[in-house]
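File shown here: query-v6.cif, holding mmCIF, N, CA and C atoms.
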```cif
data_target
#
loop_
_atom_site.label_atom_id
_atom_site.label_comp_id
_atom_site.auth_asym_id
_atom_site.auth_seq_id
_atom_site.Cartn_x
_atom_site.Cartn_y
_atom_site.Cartn_z
N MET A 3 138.38 106.91 81.60
CA MET A 3 138.84 106.48 80.31
C MET A 3 137.71 106.51 79.29
N TYR A 4 136.48 106.19 79.70
CA TYR A 4 135.34 106.18 78.79
C TYR A 4 135.07 107.57 78.23
N ALA A 5 135.20 108.62 79.05
CA ALA A 5 134.96 109.99 78.59
C ALA A 5 135.92 110.38 77.47
N LYS A 6 137.12 109.86 77.47
CA LYS A 6 138.08 110.20 76.42
C LYS A 6 137.73 109.52 75.10
N THR A 7 137.13 108.35 75.16
CA THR A 7 136.78 107.65 73.92
C THR A 7 135.44 108.11 73.38
N ASN A 8 134.62 108.78 74.20
CA ASN A 8 133.31 109.27 73.77
C ASN A 8 133.21 110.74 74.17
N PRO A 9 133.76 111.65 73.39
CA PRO A 9 133.88 113.04 73.79
C PRO A 9 132.55 113.78 73.95
N GLY A 10 131.44 113.31 73.47
CA GLY A 10 130.17 114.01 73.59
C GLY A 10 129.47 113.79 74.92
N THR A 11 130.06 113.08 75.87
CA THR A 11 129.40 112.75 77.12
C THR A 11 129.81 113.66 78.26
N GLY A 12 130.08 114.90 78.01
CA GLY A 12 130.47 115.84 79.06
C GLY A 12 129.30 116.20 79.95
N SER A 13 129.43 117.27 80.70
CA SER A 13 128.36 117.68 81.62
C SER A 13 127.18 118.25 80.84
N LEU A 14 126.04 118.27 81.48
CA LEU A 14 124.83 118.76 80.84
C LEU A 14 124.87 120.28 80.69
N THR A 15 124.19 120.76 79.70
CA THR A 15 124.06 122.20 79.53
C THR A 15 123.06 122.72 80.56
N PRO A 16 123.02 124.01 80.83
CA PRO A 16 122.03 124.55 81.76
C PRO A 16 120.59 124.20 81.34
N ARG A 17 120.31 124.20 80.05
CA ARG A 17 118.97 123.85 79.57
C ARG A 17 118.66 122.38 79.88
N GLY A 18 119.62 121.50 79.66
CA GLY A 18 119.45 120.09 79.95
C GLY A 18 119.22 119.83 81.43
N LYS A 19 119.96 120.57 82.27
CA LYS A 19 119.77 120.43 83.72
C LYS A 19 118.36 120.88 84.12
N ARG A 20 117.90 121.97 83.52
CA ARG A 20 116.57 122.50 83.84
C ARG A 20 115.49 121.49 83.43
N ILE A 21 115.67 120.86 82.29
CA ILE A 21 114.70 119.85 81.84
C ILE A 21 114.68 118.66 82.79
N PHE A 22 115.85 118.18 83.20
CA PHE A 22 115.91 117.09 84.16
C PHE A 22 115.25 117.48 85.48
N LEU A 23 115.44 118.71 85.92
CA LEU A 23 114.84 119.19 87.17
C LEU A 23 113.32 119.21 87.06
N ILE A 24 112.80 119.74 85.97
CA ILE A 24 111.35 119.82 85.78
C ILE A 24 110.73 118.43 85.72
N VAL A 25 111.34 117.54 84.97
CA VAL A 25 110.82 116.17 84.86
C VAL A 25 110.89 115.46 86.21
N GLY A 26 111.99 115.64 86.94
CA GLY A 26 112.14 115.01 88.25
C GLY A 26 111.11 115.51 89.25
N VAL A 27 110.90 116.83 89.29
CA VAL A 27 109.91 117.40 90.21
C VAL A 27 108.51 116.93 89.83
N ALA A 28 108.20 116.92 88.54
CA ALA A 28 106.88 116.46 88.10
C ALA A 28 106.65 114.99 88.50
N PHE A 29 107.67 114.17 88.34
CA PHE A 29 107.54 112.76 88.72
C PHE A 29 107.29 112.61 90.22
N VAL A 30 108.04 113.36 91.04
CA VAL A 30 107.87 113.27 92.49
C VAL A 30 106.47 113.74 92.90
N VAL A 31 105.98 114.82 92.29
CA VAL A 31 104.64 115.32 92.62
C VAL A 31 103.56 114.31 92.24
N VAL A 32 103.65 113.75 91.05
CA VAL A 32 102.66 112.76 90.60
C VAL A 32 102.72 111.50 91.48
N ALA A 33 103.91 111.01 91.76
CA ALA A 33 104.05 109.81 92.60
C ALA A 33 103.53 110.07 94.00
N GLY A 34 103.85 111.23 94.55
CA GLY A 34 103.35 111.56 95.88
C GLY A 34 101.85 111.70 95.92
N GLY A 35 101.27 112.31 94.90
CA GLY A 35 99.81 112.44 94.83
C GLY A 35 99.12 111.10 94.71
N LEU A 36 99.64 110.24 93.87
CA LEU A 36 99.05 108.90 93.72
C LEU A 36 99.19 108.08 95.01
N GLY A 37 100.34 108.21 95.66
CA GLY A 37 100.53 107.49 96.93
C GLY A 37 99.57 107.97 98.00
N THR A 38 99.39 109.27 98.10
CA THR A 38 98.46 109.83 99.09
C THR A 38 97.03 109.41 98.78
N TRP A 39 96.65 109.51 97.51
CA TRP A 39 95.30 109.11 97.13
C TRP A 39 95.06 107.63 97.44
N GLY A 40 96.03 106.79 97.12
CA GLY A 40 95.88 105.35 97.37
C GLY A 40 95.77 105.02 98.84
N ALA A 41 96.48 105.78 99.67
CA ALA A 41 96.46 105.51 101.11
C ALA A 41 95.19 106.02 101.78
N LEU A 42 94.65 107.11 101.30
CA LEU A 42 93.53 107.75 101.99
C LEU A 42 92.17 107.52 101.37
N ALA A 43 92.11 107.16 100.11
CA ALA A 43 90.82 106.96 99.45
C ALA A 43 90.17 105.68 99.92
N SER A 44 88.87 105.75 100.13
CA SER A 44 88.16 104.54 100.53
C SER A 44 87.59 103.89 99.28
N GLY A 45 87.53 102.59 99.31
CA GLY A 45 87.02 101.85 98.18
C GLY A 45 85.50 101.91 98.11
N SER A 46 84.93 101.48 97.02
CA SER A 46 83.49 101.51 96.85
C SER A 46 82.80 100.52 97.79
N ASN A 47 83.48 99.50 98.23
CA ASN A 47 82.89 98.50 99.13
C ASN A 47 83.38 98.65 100.56
N SER A 48 83.84 99.83 100.94
CA SER A 48 84.46 99.96 102.25
C SER A 48 83.47 100.13 103.39
N SER A 49 82.26 100.63 103.13
CA SER A 49 81.32 100.83 104.23
C SER A 49 79.92 100.38 103.82
N SER A 50 79.16 100.00 104.82
CA SER A 50 77.80 99.56 104.58
C SER A 50 76.87 100.77 104.48
N GLY A 51 75.83 100.64 103.71
CA GLY A 51 74.84 101.70 103.60
C GLY A 51 73.99 101.52 102.37
N HIS A 52 72.84 102.19 102.36
CA HIS A 52 71.93 102.19 101.22
C HIS A 52 71.51 100.78 100.81
N GLY A 53 71.26 99.94 101.79
CA GLY A 53 70.79 98.59 101.50
C GLY A 53 71.87 97.59 101.15
N CYS A 54 73.14 98.00 101.24
CA CYS A 54 74.25 97.08 100.96
C CYS A 54 75.04 96.84 102.24
N VAL A 55 75.46 95.61 102.44
CA VAL A 55 76.20 95.22 103.64
C VAL A 55 77.60 94.79 103.22
N ASN A 56 78.62 95.33 103.91
CA ASN A 56 80.01 94.97 103.68
C ASN A 56 80.62 94.54 105.00
N VAL A 57 81.10 93.33 105.06
CA VAL A 57 81.68 92.79 106.29
C VAL A 57 83.05 92.20 105.95
N THR A 58 84.05 92.54 106.75
CA THR A 58 85.37 91.93 106.61
C THR A 58 85.53 90.93 107.74
N VAL A 59 85.79 89.69 107.38
CA VAL A 59 85.89 88.63 108.38
C VAL A 59 87.28 88.00 108.32
N PRO A 60 87.76 87.50 109.47
CA PRO A 60 89.06 86.83 109.46
C PRO A 60 89.00 85.56 108.61
N SER A 61 90.08 85.30 107.92
CA SER A 61 90.16 84.14 107.05
C SER A 61 91.53 83.50 107.19
N SER A 62 91.71 82.32 106.67
CA SER A 62 92.99 81.63 106.78
C SER A 62 94.10 82.36 106.03
N MET A 63 93.76 83.13 105.02
CA MET A 63 94.76 83.86 104.23
C MET A 63 94.67 85.36 104.47
N GLY A 64 94.20 85.78 105.63
CA GLY A 64 94.04 87.21 105.93
C GLY A 64 92.58 87.52 106.13
N GLY A 65 92.11 88.59 105.57
CA GLY A 65 90.71 88.98 105.71
C GLY A 65 89.94 88.69 104.44
N ALA A 66 88.68 88.35 104.61
CA ALA A 66 87.80 88.12 103.47
C ALA A 66 86.70 89.16 103.51
N ASP A 67 86.37 89.75 102.37
CA ASP A 67 85.32 90.75 102.28
C ASP A 67 84.04 90.11 101.77
N LEU A 68 82.96 90.34 102.51
CA LEU A 68 81.65 89.88 102.08
C LEU A 68 80.84 91.12 101.70
N HIS A 69 80.22 91.10 100.53
CA HIS A 69 79.45 92.24 100.04
C HIS A 69 78.11 91.73 99.51
N TYR A 70 77.02 92.23 100.09
CA TYR A 70 75.69 91.83 99.66
C TYR A 70 74.82 93.07 99.50
N CYS A 71 73.94 93.07 98.52
CA CYS A 71 72.99 94.15 98.30
C CYS A 71 71.61 93.55 98.04
N GLY A 72 70.58 94.36 98.30
CA GLY A 72 69.20 93.97 97.99
C GLY A 72 68.72 92.78 98.79
N ALA A 73 68.11 91.84 98.08
CA ALA A 73 67.52 90.66 98.72
C ALA A 73 68.58 89.82 99.42
N GLN A 74 69.77 89.74 98.82
CA GLN A 74 70.85 88.97 99.47
C GLN A 74 71.24 89.62 100.79
N ALA A 75 71.27 90.93 100.85
CA ALA A 75 71.63 91.63 102.08
C ALA A 75 70.55 91.42 103.14
N ARG A 76 69.28 91.50 102.74
CA ARG A 76 68.19 91.27 103.71
C ARG A 76 68.26 89.86 104.28
N SER A 77 68.47 88.88 103.41
CA SER A 77 68.57 87.49 103.87
C SER A 77 69.78 87.29 104.78
N PHE A 78 70.92 87.87 104.39
CA PHE A 78 72.14 87.78 105.20
C PHE A 78 71.93 88.39 106.58
N CYS A 79 71.28 89.55 106.64
CA CYS A 79 71.07 90.22 107.93
C CYS A 79 70.06 89.49 108.80
N GLN A 80 69.01 88.96 108.18
CA GLN A 80 68.05 88.17 108.96
C GLN A 80 68.74 86.99 109.62
N GLN A 81 69.60 86.32 108.87
CA GLN A 81 70.34 85.18 109.42
C GLN A 81 71.32 85.65 110.50
N ALA A 82 71.93 86.80 110.30
CA ALA A 82 72.90 87.32 111.28
C ALA A 82 72.23 87.63 112.61
N PHE A 83 71.00 88.13 112.58
CA PHE A 83 70.31 88.45 113.83
C PHE A 83 69.70 87.22 114.49
N ARG A 84 69.59 86.10 113.75
CA ARG A 84 69.09 84.86 114.33
C ARG A 84 70.19 84.02 114.95
N SER A 85 71.42 84.17 114.47
CA SER A 85 72.53 83.32 114.92
C SER A 85 73.41 84.05 115.92
N ARG A 86 74.28 83.28 116.57
CA ARG A 86 75.20 83.85 117.55
C ARG A 86 76.67 83.53 117.24
N ASP A 87 76.96 83.10 116.02
CA ASP A 87 78.34 82.77 115.66
C ASP A 87 79.13 84.07 115.41
N GLN A 88 80.44 83.92 115.21
CA GLN A 88 81.33 85.08 115.07
C GLN A 88 80.95 85.94 113.85
N LEU A 89 80.64 85.31 112.74
CA LEU A 89 80.26 86.06 111.54
C LEU A 89 79.00 86.89 111.79
N SER A 90 78.04 86.31 112.46
CA SER A 90 76.80 87.03 112.75
C SER A 90 77.06 88.22 113.65
N LEU A 91 77.91 88.05 114.65
CA LEU A 91 78.22 89.16 115.55
C LEU A 91 78.95 90.29 114.82
N LEU A 92 79.79 89.95 113.87
CA LEU A 92 80.47 90.97 113.07
C LEU A 92 79.52 91.65 112.10
N ALA A 93 78.52 90.92 111.61
CA ALA A 93 77.62 91.44 110.60
C ALA A 93 76.55 92.37 111.16
N ARG A 94 76.13 92.17 112.39
CA ARG A 94 75.01 92.95 112.93
C ARG A 94 75.20 94.46 112.87
N PRO A 95 76.35 95.01 113.31
CA PRO A 95 76.49 96.47 113.22
C PRO A 95 76.47 96.97 111.77
N GLN A 96 76.99 96.16 110.84
CA GLN A 96 76.98 96.56 109.43
C GLN A 96 75.57 96.51 108.85
N CYS A 97 74.77 95.57 109.33
CA CYS A 97 73.37 95.51 108.89
C CYS A 97 72.60 96.73 109.35
N VAL A 98 72.86 97.18 110.57
CA VAL A 98 72.20 98.38 111.08
C VAL A 98 72.64 99.60 110.26
N LEU A 99 73.93 99.70 109.93
CA LEU A 99 74.41 100.80 109.10
C LEU A 99 73.76 100.79 107.71
N ALA A 100 73.48 99.62 107.20
CA ALA A 100 72.87 99.49 105.88
C ALA A 100 71.37 99.75 105.91
N GLY A 101 70.84 99.96 107.10
CA GLY A 101 69.40 100.19 107.22
C GLY A 101 68.60 98.90 107.23
N LEU A 102 69.24 97.82 107.63
CA LEU A 102 68.57 96.52 107.69
C LEU A 102 68.64 95.96 109.11
N PRO A 103 67.99 96.63 110.07
CA PRO A 103 68.06 96.16 111.45
C PRO A 103 67.25 94.88 111.64
N ALA A 104 67.37 94.30 112.82
CA ALA A 104 66.67 93.05 113.11
C ALA A 104 65.18 93.28 113.00
N ALA A 105 64.52 92.39 112.29
CA ALA A 105 63.06 92.49 112.17
C ALA A 105 62.44 92.03 113.47
N SER A 106 61.49 92.81 113.97
CA SER A 106 60.84 92.42 115.23
C SER A 106 59.88 91.28 114.94
N THR A 107 59.88 90.34 115.82
CA THR A 107 58.96 89.20 115.67
C THR A 107 57.67 89.53 116.37
N GLY A 108 56.57 89.19 115.77
CA GLY A 108 55.27 89.50 116.34
C GLY A 108 55.03 88.81 117.67
N ALA A 109 55.62 87.67 117.93
CA ALA A 109 55.40 86.91 119.17
C ALA A 109 55.94 87.68 120.37
N GLY A 110 57.04 88.36 120.24
CA GLY A 110 57.62 89.09 121.36
C GLY A 110 56.73 90.24 121.78
N ALA A 111 56.13 90.96 120.86
CA ALA A 111 55.28 92.10 121.18
C ALA A 111 53.97 91.63 121.77
N GLY A 112 53.41 90.53 121.21
CA GLY A 112 52.15 90.02 121.72
C GLY A 112 52.29 89.45 123.12
N ALA A 113 53.41 88.83 123.44
CA ALA A 113 53.59 88.21 124.74
C ALA A 113 53.67 89.28 125.83
N SER A 114 54.27 90.44 125.54
CA SER A 114 54.39 91.45 126.58
C SER A 114 53.08 92.19 126.78
N ALA A 115 52.19 92.20 125.77
CA ALA A 115 50.92 92.92 125.89
C ALA A 115 49.89 92.12 126.66
N SER A 116 49.97 90.80 126.66
CA SER A 116 48.96 89.99 127.33
C SER A 116 49.25 89.91 128.83
N PRO A 117 48.18 89.85 129.67
CA PRO A 117 48.35 89.80 131.14
C PRO A 117 48.88 88.50 131.68
#
```

Please go through the file and, once you have read it, give me the structure as structure tokens.
Amino acid sequence: MYAKTNPGTGSLTPRGKRIFLIVGVAFVVVAGGLGTWGALASGSNSSSGHGCVNVTVPSSMGGADLHYCGAQARSFCQQAFRSRDQLSLLARPQCVLAGLPAASTGAGAGASASP
């Protein structure tokens, strides 16, 4: 009944159909590209390296990301290699990746050298 009261609402012309097709395909390509990029791209804080440490730890609301660079990263890693708690155990491999391995203590080397 609506088509009879509004006679200009008939089927689309071939040109109109082509425009809808082009816009629809473009939308699907852009949406698919953005979805793929979002799923596969790694964030800037996703891995440790170059003196920066990134650790994801379990939290009450999911996971918490810890990110430290420079002096904070060195201090964090020194503490991680001194402690035995869960956070320290998670942090140690990331500290090694960041190039901040456990500092050797002079007492350990001297004790093995003496008779």

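Coordinates place atom C of A:Gly72 at a distance of 10.2 Å from atom N of A:Leu102.
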
Have a look at A:Gly40, A:Gly34, A:Ala75, A:Leu89 and name the one nearest to A:Pro60; count only N, CA and C atoms. A:Leu89

List, as a VMD selection string, every residue that the PyMOL selection byres ((chain A and resi 54-59) around 5) selects in the file provided. chain A and resid 50 to 53 60 to 61 65 to 71 100

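Between atom CA of A:Phe83 and atom N of A:Ala104 there is a distance of 6.6 Å.
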
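Atom pair atom N of A:Gly101 / atom N of A:Asp87: separated by 20.0 Å.
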
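For stretch 5-89 of chain A, backbone-based DSSP assignment of strand (DSSP E or B) covers A:Gly51, A:Cys54, A:Val55, A:Asn56, A:Val57, A:Thr58, A:Val59, A:Pro60, A:Ser61, A:Gly64, A:Gly65, A:Ala66, A:Asp67, A:Leu68, A:His69, A:Tyr70, A:Cys71.
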
Keeping only N, CA and C atoms, write the selected residues to a file as a compact mmCIF listing (two decimals), in the frame of the given file.
```
# COMPACT_ATOMS: atom_id res chain seq x y z
N GLY A 51 75.83 100.64 103.71
CA GLY A 51 74.84 101.70 103.60
C GLY A 51 73.99 101.52 102.37
N CYS A 54 73.14 98.00 101.24
CA CYS A 54 74.25 97.08 100.96
C CYS A 54 75.04 96.84 102.24
N VAL A 55 75.46 95.61 102.44
CA VAL A 55 76.20 95.22 103.64
C VAL A 55 77.60 94.79 103.22
N ASN A 56 78.62 95.33 103.91
CA ASN A 56 80.01 94.97 103.68
C ASN A 56 80.62 94.54 105.00
N VAL A 57 81.10 93.33 105.06
CA VAL A 57 81.68 92.79 106.29
C VAL A 57 83.05 92.20 105.95
N THR A 58 84.05 92.54 106.75
CA THR A 58 85.37 91.93 106.61
C THR A 58 85.53 90.93 107.74
N VAL A 59 85.79 89.69 107.38
CA VAL A 59 85.89 88.63 108.38
C VAL A 59 87.28 88.00 108.32
N PRO A 60 87.76 87.50 109.47
CA PRO A 60 89.06 86.83 109.46
C PRO A 60 89.00 85.56 108.61
N SER A 61 90.08 85.30 107.92
CA SER A 61 90.16 84.14 107.05
C SER A 61 91.53 83.50 107.19
N GLY A 64 94.20 85.78 105.63
CA GLY A 64 94.04 87.21 105.93
C GLY A 64 92.58 87.52 106.13
N GLY A 65 92.11 88.59 105.57
CA GLY A 65 90.71 88.98 105.71
C GLY A 65 89.94 88.69 104.44
N ALA A 66 88.68 88.35 104.61
CA ALA A 66 87.80 88.12 103.47
C ALA A 66 86.70 89.16 103.51
N ASP A 67 86.37 89.75 102.37
CA ASP A 67 85.32 90.75 102.28
C ASP A 67 84.04 90.11 101.77
N LEU A 68 82.96 90.34 102.51
CA LEU A 68 81.65 89.88 102.08
C LEU A 68 80.84 91.12 101.70
N HIS A 69 80.22 91.10 100.53
CA HIS A 69 79.45 92.24 100.04
C HIS A 69 78.11 91.73 99.51
N TYR A 70 77.02 92.23 100.09
CA TYR A 70 75.69 91.83 99.66
C TYR A 70 74.82 93.07 99.50
N CYS A 71 73.94 93.07 98.52
CA CYS A 71 72.99 94.15 98.30
C CYS A 71 71.61 93.55 98.04
```

Near-A:Arg94 list (7 Å; all atoms listed in the file; drop same-chain fewer than 3 positions) as a list in words: Cys79, Ala82, Phe83, Leu89, Ser90, Leu91, Cys97, Val98 and Leu99 of chain A

Which of these, A:Leu42, A:Ala93, A:Leu23, A:Val31, has the shortest distance to A:Gln80 once you count only C-alpha atoms? A:Ala93
